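Beneath this line is the structure, given in structure tokens, with notes to follow.
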Amino acid sequence: MIPVCETEEYMEKLLAARRAGEQGVLAFYEHRIGCICRNPRLMLLPMDDHLAHRGDGIFESMKWVDGRVYQLDAHIERMQRSAKGLYLAPPCPWERVRDIALEVARAAETENGMLRVLMGRGPGGFGIDPAECPVSSLYVVAYRFKPMPEELYEKGLTAFRSSIPAKPGYMARMKNANYIPNVLMRREATERGMNLPLAFDDNDFLAEGATENVALVDTEGRLVIPEFTNALTGTTIMRAVELLKDEMPIVFQRVREDDLYRAREVLMLGTTGDCVGVVRFEGQPIHDVRPGPVARRIRDLLRQDIKDCGIPLR
């Protein structure tokens, strides 16, 4: 029989139970409790939070490097847009969400890390009606940053057309907690032994990767960014546009699969990897099968931008 435990015994068992990934958690915050904790065995999500059993919530991920948090305000602004799309309000002012994120990063006491900010409909029941939840939930986690191996910047990535279709536009344009298509894309990449799955929409236009945006340099030397019709507007790609706009022409337009084969460069842009060149698509070479100068330039610009514009933690 399964034992029925009182509170004290249950807490003892909870603290003694090992959990996968606990070595990666540095600090976390839950709004109901109102404090920061560093013991990952206490990092728990109420099972009746609609974030858990309905995916009814949003999130953002950002990094800090050399003690500087990068693009915090851009991520908070995008989170506000996502919250509006779900008719979701935070349990505290947005300015406080920003402050909490910085405090959790400081509590991690490390020079490099990742922040995950999650906001859910909140606990209150196991139905689907948002009215079950009187107060929304807020969780902030600082965890270890695993940078992309340096060799991938030198040899480039391999990509393929995913069998998982792009999300509908209204879902793709908010960073919500329903990431099943993204999960299936990543699984497919592992099965095929490639780095980057690319989703296409019903009209056969390129949308995005599993967690990254994609761009290309065309034969005219323009940076071509697929329209965000069925893709999330990435903070990294939009910052790259701002940093690069005086150096080369930049256009937003629809991109088809054939455009990738003709490109001088194909680029992957995202929070973790900054910018990485893609050298093969569906096994076929892209240009000279080497990461190109635009990929290197964008990465250099982003790395310098972290130093110049990142928010210092100390």
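Identifiers in this document derive from the order of the structure tokens: chains are assigned A, B, ..., residues are numbered from 1 separately in each chain, and ligands are numbered from 1 in order of occurrence.
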**Message:** Residues of segment 24-178 of chain A classed as strand (DSSP E or B) by DSSP on the backbone are to be reported as a PyMOL selection string.
**Reply:** chain A and resi 25-30+35-37+57-65+68-69+113-120+137-143+157-161+176
Any chance you can output those residues with N, CA and C atoms as a CSV table (one decimal), in the first residue's frame?
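Contents of part_25.csv, freshly written:
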chain,number,residue,atom,x,y,z
A,25,VAL,N,20.0,23.8,-11.6
A,25,VAL,CA,19.2,24.9,-11.1
A,25,VAL,C,20.0,25.6,-10.1
A,26,LEU,N,20.1,27.0,-10.3
A,26,LEU,CA,20.9,27.8,-9.4
A,26,LEU,C,20.0,28.6,-8.4
A,27,ALA,N,18.9,29.0,-8.8
A,27,ALA,CA,18.0,29.8,-7.9
A,27,ALA,C,16.6,29.9,-8.5
A,28,PHE,N,15.6,30.1,-7.7
A,28,PHE,CA,14.2,30.2,-8.3
A,28,PHE,C,13.3,31.0,-7.3
A,29,TYR,N,12.2,31.4,-7.9
A,29,TYR,CA,11.3,32.3,-7.2
A,29,TYR,C,9.9,31.8,-7.6
A,30,GLU,N,9.0,31.7,-6.6
A,30,GLU,CA,7.6,31.5,-6.9
A,30,GLU,C,6.8,32.7,-6.2
A,35,CYS,N,9.7,34.6,-2.1
A,35,CYS,CA,11.2,34.6,-1.8
A,35,CYS,C,11.9,33.8,-2.8
A,36,ILE,N,13.2,33.9,-2.7
A,36,ILE,CA,14.1,33.2,-3.6
A,36,ILE,C,14.7,32.0,-2.8
A,37,CYS,N,14.8,30.8,-3.5
A,37,CYS,CA,15.4,29.6,-2.9
A,37,CYS,C,16.4,29.1,-3.8
A,57,GLY,N,-0.4,29.4,-20.4
A,57,GLY,CA,0.6,30.3,-19.8
A,57,GLY,C,1.6,30.8,-20.9
A,58,ILE,N,2.6,31.6,-20.5
A,58,ILE,CA,3.6,32.1,-21.4
A,58,ILE,C,4.9,32.0,-20.7
A,59,PHE,N,6.0,32.3,-21.5
A,59,PHE,CA,7.3,32.2,-20.9
A,59,PHE,C,8.3,33.0,-21.7
A,60,GLU,N,9.4,33.3,-21.1
A,60,GLU,CA,10.6,33.9,-21.8
A,60,GLU,C,11.9,33.3,-21.3
A,61,SER,N,12.9,33.2,-22.2
A,61,SER,CA,14.2,32.8,-21.7
A,61,SER,C,15.2,33.8,-22.2
A,62,MET,N,16.1,34.1,-21.3
A,62,MET,CA,17.2,35.0,-21.6
A,62,MET,C,18.5,34.6,-20.9
A,63,LYS,N,19.6,35.2,-21.3
A,63,LYS,CA,20.8,34.8,-20.7
A,63,LYS,C,21.6,36.0,-20.1
A,64,TRP,N,22.5,35.6,-19.2
A,64,TRP,CA,23.5,36.6,-18.8
A,64,TRP,C,24.9,36.1,-19.0
A,65,VAL,N,25.8,36.9,-19.5
A,65,VAL,CA,27.1,36.5,-19.8
A,65,VAL,C,28.1,37.5,-19.2
A,68,ARG,N,26.3,40.1,-17.1
A,68,ARG,CA,25.4,41.1,-17.7
A,68,ARG,C,24.2,40.4,-18.4
A,69,VAL,N,23.0,40.8,-18.0
A,69,VAL,CA,21.8,40.2,-18.5
A,69,VAL,C,21.5,40.9,-19.8
A,113,GLY,N,24.7,32.5,-17.0
A,113,GLY,CA,23.5,31.7,-16.7
A,113,GLY,C,22.4,32.0,-17.6
A,114,MET,N,21.3,31.3,-17.4
A,114,MET,CA,20.0,31.5,-18.1
A,114,MET,C,18.9,31.8,-17.1
A,115,LEU,N,18.0,32.6,-17.6
A,115,LEU,CA,16.8,32.9,-16.8
A,115,LEU,C,15.6,32.4,-17.6
A,116,ARG,N,14.6,31.8,-16.9
A,116,ARG,CA,13.4,31.4,-17.4
A,116,ARG,C,12.3,32.1,-16.6
A,117,VAL,N,11.5,32.9,-17.2
A,117,VAL,CA,10.3,33.6,-16.6
A,117,VAL,C,9.1,32.9,-17.1
A,118,LEU,N,8.3,32.3,-16.2
A,118,LEU,CA,7.0,31.7,-16.6
A,118,LEU,C,5.9,32.3,-15.9
A,119,MET,N,4.8,32.6,-16.6
A,119,MET,CA,3.6,33.1,-16.1
A,119,MET,C,2.4,32.2,-16.5
A,120,GLY,N,1.7,31.7,-15.5
A,120,GLY,CA,0.6,30.8,-15.8
A,120,GLY,C,-0.8,31.4,-15.4
A,137,SER,N,0.0,33.0,-11.9
A,137,SER,CA,1.2,32.5,-11.2
A,137,SER,C,2.4,33.1,-11.9
A,138,LEU,N,3.5,33.2,-11.2
A,138,LEU,CA,4.8,33.7,-11.7
A,138,LEU,C,5.9,32.9,-11.1
A,139,TYR,N,6.7,32.3,-12.0
A,139,TYR,CA,7.9,31.5,-11.6
A,139,TYR,C,9.1,32.0,-12.4
A,140,VAL,N,10.2,32.2,-11.7
A,140,VAL,CA,11.4,32.7,-12.3
A,140,VAL,C,12.5,31.7,-11.9
A,141,VAL,N,13.3,31.2,-12.8
A,141,VAL,CA,14.3,30.2,-12.5
A,141,VAL,C,15.6,30.7,-13.2
A,142,ALA,N,16.7,30.6,-12.4
A,142,ALA,CA,18.1,30.8,-12.9
A,142,ALA,C,18.7,29.4,-13.0
A,143,TYR,N,19.3,29.1,-14.2
A,143,TYR,CA,19.9,27.8,-14.4
A,143,TYR,C,21.2,28.0,-15.2
A,157,LEU,N,26.1,24.4,-39.2
A,157,LEU,CA,25.0,23.5,-38.9
A,157,LEU,C,24.4,22.8,-40.1
A,158,THR,N,23.7,21.7,-39.8
A,158,THR,CA,23.0,21.1,-40.9
A,158,THR,C,21.5,21.2,-40.6
A,159,ALA,N,20.7,21.4,-41.6
A,159,ALA,CA,19.3,21.7,-41.5
A,159,ALA,C,18.5,20.8,-42.4
A,160,PHE,N,17.2,20.7,-42.1
A,160,PHE,CA,16.3,19.9,-42.9
A,160,PHE,C,14.9,20.5,-42.8
A,161,ARG,N,14.0,20.1,-43.7
A,161,ARG,CA,12.6,20.5,-43.7
A,161,ARG,C,11.9,19.5,-42.8
A,176,ASN,N,3.8,31.1,-26.0
A,176,ASN,CA,3.0,30.4,-25.0
A,176,ASN,C,3.6,29.1,-24.6
**Message:** Using DSSP secondary structure from the backbone, list all helix (DSSP H, G or I) positions within segment 238-277 of chain A, as a PyMOL selection string.
**Reply:** chain A and resi 238-244+257-262
**Message:** Set the distance at 10 Å and use only C-alpha atoms: which residues neighbour Val217 of chain A once local chain neighbours fewer than 3 positions away are removed? I'd like the list as an MDAnalysis selection string.
**Reply:** chainID A and resid 220:225 249:250 259:260 262:267 292 294:295
Between segment 281-311 of chain A and segment 190-203 of chain A, at 10 Å or less, what are the per-residue closest atom pairs and their distances in Å? Count only C-alpha atoms, order by chain and rising residue number, and return it as CSV.
residue,atom,partner,partner_atom,distance
A:Phe281,CA,A:Leu196,CA,9.1
A:Glu282,CA,A:Met194,CA,9.1
A:Gly283,CA,A:Met194,CA,9.4
Once you have the residues from the selection above, write them out as a PDB file, in the first residue's frame, restricted to N, CA, C and O atoms.
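Output saved as selection-v1.pdb:
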ATOM      1  N   PHE A 281      21.498  21.975 -46.283  1.00  0.00           N
ATOM      2  CA  PHE A 281      20.057  21.833 -46.114  1.00  0.00           C
ATOM      3  C   PHE A 281      19.616  20.588 -46.865  1.00  0.00           C
ATOM      4  O   PHE A 281      19.874  20.447 -48.059  1.00  0.00           O
ATOM      5  N   GLU A 282      18.988  19.667 -46.139  1.00  0.00           N
ATOM      6  CA  GLU A 282      18.580  18.369 -46.700  1.00  0.00           C
ATOM      7  C   GLU A 282      19.753  17.671 -47.383  1.00  0.00           C
ATOM      8  O   GLU A 282      19.618  17.020 -48.420  1.00  0.00           O
ATOM      9  N   GLY A 283      20.920  17.829 -46.777  1.00  0.00           N
ATOM     10  CA  GLY A 283      22.125  17.175 -47.292  1.00  0.00           C
ATOM     11  C   GLY A 283      22.804  17.898 -48.434  1.00  0.00           C
ATOM     12  O   GLY A 283      23.932  17.538 -48.813  1.00  0.00           O
TER      13      GLY A 283
END
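Neighbouring residues of segment 230-235 of chain A at 7 Å or closer, counting only C-alpha atoms and skipping chain neighbours under 5 positions away, are A:Ala74, A:His75, A:Ala166, A:Lys167, A:Pro168, A:Gly169, A:Ala172, A:Arg173, A:Met174, A:Asp201, A:Ala207, A:Glu208, A:Asn213.
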Write the residues of the preceding selection, restricted to N, CA and C atoms, as a PDB file, in the first residue's frame.
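Once everything was written out, this is result01.pdb:
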ATOM      1  N   ALA A  74      13.652  43.720 -23.817  1.00  0.00           N
ATOM      2  CA  ALA A  74      13.029  43.194 -25.038  1.00  0.00           C
ATOM      3  C   ALA A  74      12.216  41.942 -24.731  1.00  0.00           C
ATOM      4  N   HIS A  75      12.732  41.100 -23.843  1.00  0.00           N
ATOM      5  CA  HIS A  75      12.006  39.886 -23.473  1.00  0.00           C
ATOM      6  C   HIS A  75      10.752  40.221 -22.660  1.00  0.00           C
ATOM      7  N   ALA A 166       4.311  24.471 -39.510  1.00  0.00           N
ATOM      8  CA  ALA A 166       4.376  25.678 -38.693  1.00  0.00           C
ATOM      9  C   ALA A 166       3.075  25.871 -37.919  1.00  0.00           C
ATOM     10  N   LYS A 167       3.172  26.507 -36.785  1.00  0.00           N
ATOM     11  CA  LYS A 167       1.983  26.780 -35.981  1.00  0.00           C
ATOM     12  C   LYS A 167       1.075  27.789 -36.692  1.00  0.00           C
ATOM     13  N   PRO A 168      -0.205  27.776 -36.382  1.00  0.00           N
ATOM     14  CA  PRO A 168      -1.071  28.854 -36.876  1.00  0.00           C
ATOM     15  C   PRO A 168      -0.545  30.198 -36.412  1.00  0.00           C
ATOM     16  N   GLY A 169      -0.775  31.214 -37.195  1.00  0.00           N
ATOM     17  CA  GLY A 169      -0.177  32.517 -36.919  1.00  0.00           C
ATOM     18  C   GLY A 169      -0.435  33.052 -35.538  1.00  0.00           C
ATOM     19  N   ALA A 172       1.726  31.112 -33.131  1.00  0.00           N
ATOM     20  CA  ALA A 172       3.161  31.267 -33.349  1.00  0.00           C
ATOM     21  C   ALA A 172       3.667  32.615 -32.858  1.00  0.00           C
ATOM     22  N   ARG A 173       2.824  33.633 -32.930  1.00  0.00           N
ATOM     23  CA  ARG A 173       3.293  34.984 -32.616  1.00  0.00           C
ATOM     24  C   ARG A 173       3.283  35.306 -31.133  1.00  0.00           C
ATOM     25  N   MET A 174       2.822  34.388 -30.299  1.00  0.00           N
ATOM     26  CA  MET A 174       2.952  34.553 -28.851  1.00  0.00           C
ATOM     27  C   MET A 174       3.800  33.411 -28.304  1.00  0.00           C
ATOM     28  N   ASP A 201       4.960  26.724 -43.565  1.00  0.00           N
ATOM     29  CA  ASP A 201       3.527  26.871 -43.362  1.00  0.00           C
ATOM     30  C   ASP A 201       2.728  26.194 -44.474  1.00  0.00           C
ATOM     31  N   ALA A 207       8.943  29.271 -42.006  1.00  0.00           N
ATOM     32  CA  ALA A 207       8.492  29.946 -40.795  1.00  0.00           C
ATOM     33  C   ALA A 207       9.645  30.128 -39.809  1.00  0.00           C
ATOM     34  N   GLU A 208      10.086  29.045 -39.156  1.00  0.00           N
ATOM     35  CA  GLU A 208      11.109  29.152 -38.109  1.00  0.00           C
ATOM     36  C   GLU A 208      11.657  27.777 -37.775  1.00  0.00           C
ATOM     37  N   ASN A 213      15.038  31.590 -34.949  1.00  0.00           N
ATOM     38  CA  ASN A 213      14.677  32.198 -36.223  1.00  0.00           C
ATOM     39  C   ASN A 213      15.745  31.869 -37.260  1.00  0.00           C
TER      40      ASN A 213
END
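Closest approach to Val104 of chain A among A:Pro46, A:Gly125, A:Gly34, A:Gly277: A:Gly34, based on only C-alpha atoms.
One distance worth recording is that between atom CA of Glu132 of chain A and atom CA of Pro90 of chain A, which is 15.9 Å.
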**Message:** Using only C-alpha atoms, which protein or nucleic acid residues come within 12 Å of Gln23 of chain A? Drop anything in the same chain fewer than 5 positions from it, and give the result as a ChimeraX atom specification.
**Reply:** /A:18,38-41,142-145
Write a file of the selected residues as a PDB file, in the first residue's frame, keeping all heavy atoms.
ATOM      1  N   ARG A  18      15.862  12.509  -4.836  1.00  0.00           N
ATOM      2  CA  ARG A  18      16.694  13.091  -5.885  1.00  0.00           C
ATOM      3  C   ARG A  18      15.822  13.388  -7.098  1.00  0.00           C
ATOM      4  O   ARG A  18      14.802  12.753  -7.327  1.00  0.00           O
ATOM      5  CB  ARG A  18      17.824  12.142  -6.262  1.00  0.00           C
ATOM      6  CG  ARG A  18      18.823  11.923  -5.144  1.00  0.00           C
ATOM      7  CD  ARG A  18      19.986  11.072  -5.619  1.00  0.00           C
ATOM      8  NE  ARG A  18      20.718  11.698  -6.706  1.00  0.00           N
ATOM      9  CZ  ARG A  18      21.648  12.650  -6.539  1.00  0.00           C
ATOM     10  NH1 ARG A  18      21.943  13.077  -5.328  1.00  0.00           N
ATOM     11  NH2 ARG A  18      22.273  13.155  -7.584  1.00  0.00           N
ATOM     12  N   ARG A  38      17.414  28.374  -3.241  1.00  0.00           N
ATOM     13  CA  ARG A  38      18.465  27.753  -4.049  1.00  0.00           C
ATOM     14  C   ARG A  38      18.419  26.231  -4.016  1.00  0.00           C
ATOM     15  O   ARG A  38      19.257  25.584  -4.637  1.00  0.00           O
ATOM     16  CB  ARG A  38      19.849  28.225  -3.584  1.00  0.00           C
ATOM     17  CG  ARG A  38      20.116  29.716  -3.783  1.00  0.00           C
ATOM     18  CD  ARG A  38      21.597  30.011  -3.593  1.00  0.00           C
ATOM     19  NE  ARG A  38      21.903  31.425  -3.685  1.00  0.00           N
ATOM     20  CZ  ARG A  38      22.066  32.241  -2.653  1.00  0.00           C
ATOM     21  NH1 ARG A  38      21.929  31.779  -1.419  1.00  0.00           N
ATOM     22  NH2 ARG A  38      22.353  33.514  -2.832  1.00  0.00           N
ATOM     23  N   ASN A  39      17.470  25.651  -3.292  1.00  0.00           N
ATOM     24  CA  ASN A  39      17.383  24.192  -3.209  1.00  0.00           C
ATOM     25  C   ASN A  39      16.453  23.683  -4.302  1.00  0.00           C
ATOM     26  O   ASN A  39      15.232  23.843  -4.229  1.00  0.00           O
ATOM     27  CB  ASN A  39      16.860  23.766  -1.838  1.00  0.00           C
ATOM     28  CG  ASN A  39      16.916  22.256  -1.643  1.00  0.00           C
ATOM     29  OD1 ASN A  39      16.969  21.486  -2.605  1.00  0.00           O
ATOM     30  ND2 ASN A  39      16.906  21.808  -0.400  1.00  0.00           N
ATOM     31  N   PRO A  40      16.974  23.048  -5.351  1.00  0.00           N
ATOM     32  CA  PRO A  40      16.137  22.637  -6.481  1.00  0.00           C
ATOM     33  C   PRO A  40      15.087  21.601  -6.111  1.00  0.00           C
ATOM     34  O   PRO A  40      14.105  21.430  -6.837  1.00  0.00           O
ATOM     35  CB  PRO A  40      17.146  22.077  -7.484  1.00  0.00           C
ATOM     36  CG  PRO A  40      18.337  21.708  -6.673  1.00  0.00           C
ATOM     37  CD  PRO A  40      18.390  22.693  -5.556  1.00  0.00           C
ATOM     38  N   ARG A  41      15.241  20.911  -4.993  1.00  0.00           N
ATOM     39  CA  ARG A  41      14.245  19.918  -4.602  1.00  0.00           C
ATOM     40  C   ARG A  41      12.952  20.564  -4.123  1.00  0.00           C
ATOM     41  O   ARG A  41      11.932  19.888  -3.977  1.00  0.00           O
ATOM     42  CB  ARG A  41      14.833  18.991  -3.539  1.00  0.00           C
ATOM     43  CG  ARG A  41      16.042  18.240  -4.059  1.00  0.00           C
ATOM     44  CD  ARG A  41      16.566  17.188  -3.120  1.00  0.00           C
ATOM     45  NE  ARG A  41      17.815  16.635  -3.643  1.00  0.00           N
ATOM     46  CZ  ARG A  41      18.445  15.587  -3.121  1.00  0.00           C
ATOM     47  NH1 ARG A  41      17.930  14.970  -2.068  1.00  0.00           N
ATOM     48  NH2 ARG A  41      19.569  15.152  -3.646  1.00  0.00           N
ATOM     49  N   ALA A 142      16.699  30.593 -12.388  1.00  0.00           N
ATOM     50  CA  ALA A 142      18.051  30.785 -12.918  1.00  0.00           C
ATOM     51  C   ALA A 142      18.703  29.410 -13.015  1.00  0.00           C
ATOM     52  O   ALA A 142      18.692  28.642 -12.052  1.00  0.00           O
ATOM     53  CB  ALA A 142      18.858  31.693 -12.009  1.00  0.00           C
ATOM     54  N   TYR A 143      19.255  29.105 -14.184  1.00  0.00           N
ATOM     55  CA  TYR A 143      19.881  27.801 -14.363  1.00  0.00           C
ATOM     56  C   TYR A 143      21.158  27.950 -15.178  1.00  0.00           C
ATOM     57  O   TYR A 143      21.439  29.020 -15.723  1.00  0.00           O
ATOM     58  CB  TYR A 143      18.917  26.802 -15.005  1.00  0.00           C
ATOM     59  CG  TYR A 143      18.286  27.244 -16.304  1.00  0.00           C
ATOM     60  CD1 TYR A 143      18.747  26.778 -17.533  1.00  0.00           C
ATOM     61  CD2 TYR A 143      17.192  28.113 -16.318  1.00  0.00           C
ATOM     62  CE1 TYR A 143      18.153  27.156 -18.726  1.00  0.00           C
ATOM     63  CE2 TYR A 143      16.591  28.492 -17.513  1.00  0.00           C
ATOM     64  CZ  TYR A 143      17.077  28.021 -18.704  1.00  0.00           C
ATOM     65  OH  TYR A 143      16.490  28.402 -19.880  1.00  0.00           O
ATOM     66  N   ARG A 144      21.915  26.888 -15.237  1.00  0.00           N
ATOM     67  CA  ARG A 144      23.240  26.963 -15.855  1.00  0.00           C
ATOM     68  C   ARG A 144      23.125  27.167 -17.364  1.00  0.00           C
ATOM     69  O   ARG A 144      22.260  26.600 -18.025  1.00  0.00           O
ATOM     70  CB  ARG A 144      24.055  25.703 -15.556  1.00  0.00           C
ATOM     71  CG  ARG A 144      24.323  25.526 -14.060  1.00  0.00           C
ATOM     72  CD  ARG A 144      25.371  24.488 -13.776  1.00  0.00           C
ATOM     73  NE  ARG A 144      25.458  24.243 -12.342  1.00  0.00           N
ATOM     74  CZ  ARG A 144      26.109  25.025 -11.493  1.00  0.00           C
ATOM     75  NH1 ARG A 144      26.740  26.094 -11.954  1.00  0.00           N
ATOM     76  NH2 ARG A 144      26.139  24.749 -10.209  1.00  0.00           N
ATOM     77  N   PHE A 145      24.012  27.971 -17.882  1.00  0.00           N
ATOM     78  CA  PHE A 145      24.063  28.278 -19.308  1.00  0.00           C
ATOM     79  C   PHE A 145      24.987  27.277 -19.991  1.00  0.00           C
ATOM     80  O   PHE A 145      26.146  27.127 -19.615  1.00  0.00           O
ATOM     81  CB  PHE A 145      24.570  29.708 -19.496  1.00  0.00           C
ATOM     82  CG  PHE A 145      24.766  30.115 -20.935  1.00  0.00           C
ATOM     83  CD1 PHE A 145      23.853  29.762 -21.907  1.00  0.00           C
ATOM     84  CD2 PHE A 145      25.872  30.863 -21.315  1.00  0.00           C
ATOM     85  CE1 PHE A 145      24.023  30.144 -23.230  1.00  0.00           C
ATOM     86  CE2 PHE A 145      26.053  31.258 -22.625  1.00  0.00           C
ATOM     87  CZ  PHE A 145      25.131  30.894 -23.595  1.00  0.00           C
TER      88      PHE A 145
END
**Asked** So how far away is atom CA of Asp56 of chain A from atom CA of Ala17 of chain A, in Å?
**Response** 28.4 Å
**Message:** For a quick check of understanding, using only C-alpha atoms, which of A:Leu72, A:Leu15, A:Ala240, A:Met185 has the smallest distance to Val97 of chain A?
**Reply:** A:Leu72
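Counting only C-alpha atoms and comparing A:Val276, A:Leu313, A:Leu301, A:Leu42, the residue that lies closest to Glu247 of chain A is A:Leu301.
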**Request:** Just the residues within 9 Å of Gly127 of chain A, please, counting only C-alpha atoms, with nothing from its chain fewer than 3 positions along; format it as JSON, numbers by chain.
**Result:** {"A": [48, 50, 53, 54, 124, 130, 132]}
**Request:** For Asp305 of chain A, list every protein, DNA or RNA residue within 10 Å, evaluated using only C-alpha atoms, and leave out those in the same chain fewer than 3 positions away; present the list as a PyMOL selection string.
**Result:** chain A and resi 70-71+239-240+243+299-302+308-310
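Going from atom CA of Thr271 of chain A to atom CA of Ile76 of chain A covers 14.1 Å.
Minimum atom-to-atom distances from A:Ala189, A:Ile33, A:Ala20, A:Leu45 to Gly122 of chain A were compared using only C-alpha atoms, and the lowest value belongs to A:Leu45.
The nearest approach to Leu206 of chain A among the residues A:Arg254, A:Arg303, A:Lys175, A:His31, with only C-alpha atoms taken into account, belongs to A:Arg254.
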